[in-house]
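A.B. asks: To start, I am sharing the structure in question, which I have written as structure tokens.
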Amino acid sequence: LEARRKGHGEELSLLAVEDQIGRFRLWAGNIGALQEGRSSLDYRLRDAKYIVENVQRLLESLKTSIIGGILFLDKKRLKQKKATNKRIS
């Protein structure tokens, strides 16, 4: 998303966001993150502390990126709203 944002004058399309959500869901499904019992990611990694820590770091990084994206979009919406209000005034 960062590359797309820089390459298109800080324009993030809804399609790009939806694409990333789909990719995340596919990844989560492939690793069994949403499974329960012996199929769950927790169960399969119960003896692999190093891998658990890496997955946790990756998810924290993803969380940070999502929060950054939300803040970016909020700022963009606020700028658009201010510009619209100036044109109306």
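Following the order of the structure tokens, first chain is A, next is B, and so on, with residues numbered from 1 inside each chain and ligands from 1 in the order they appear.
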Within segment 23-62 of chain A, find each residue whose DSSP state, derived from the backbone, is alpha helix (DSSP H), and express the selection as a PyMOL selection string.
C.D. replies: chain A and resi 23-31+41-44+49-62
A.B. asks: Please report the interatomic distance between atom CA of Asp47 of chain A and atom CA of Arg23 of chain A in Å with one decimal.
C.D. replies: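 We find that atom CA of Asp47 of chain A and atom CA of Arg23 of chain A lie 27.5 Å from each other.
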A.B. asks: Under the rule that only C-alpha atoms are counted, which of A:Val55, A:Ile70, A:Ala83, A:Ala48 is the nearest residue to Ile31 of chain A?
C.D. replies: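 Smallest distance to Ile31 of chain A is found for A:Val55.
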A.B. asks: Just checking: using only C-alpha atoms, which residue out of A:Lys86, A:Leu41, A:Leu73, A:Lys63 ends up closest to Gly29 of chain A?
C.D. replies: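 Closest to Gly29 of chain A, using only C-alpha atoms: A:Leu41.
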A.B. asks: Using only C-alpha atoms, which protein or nucleic acid residues come within 9 Å of Asp42 of chain A? Drop anything in the same chain fewer than 4 positions from it, and give the result as a ChimeraX atom specification.
C.D. replies: /A:32-33,36-38,46,52
A.B. asks: Point out the residue among A:Tyr43, A:Phe24, A:Ile88, A:Leu78 with the least atom-to-atom distance to Leu59 of chain A, counting only C-alpha atoms.
C.D. replies: A:Phe24
A.B. asks: Measure the distance from atom CA of Ser61 of chain A to atom CA of Lys75 of chain A in Å and round it to one decimal.
C.D. replies: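 Computing the Euclidean distance for atom CA of Ser61 of chain A and atom CA of Lys75 of chain A yields 21.1 Å.
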A.B. asks: For atom CA of Leu14 of chain A and atom CA of Arg57 of chain A, quote the distance in Å rounded to one decimal.
C.D. replies: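 If I compute the distance from atom CA of Leu14 of chain A to atom CA of Arg57 of chain A, I get 26.6 Å.
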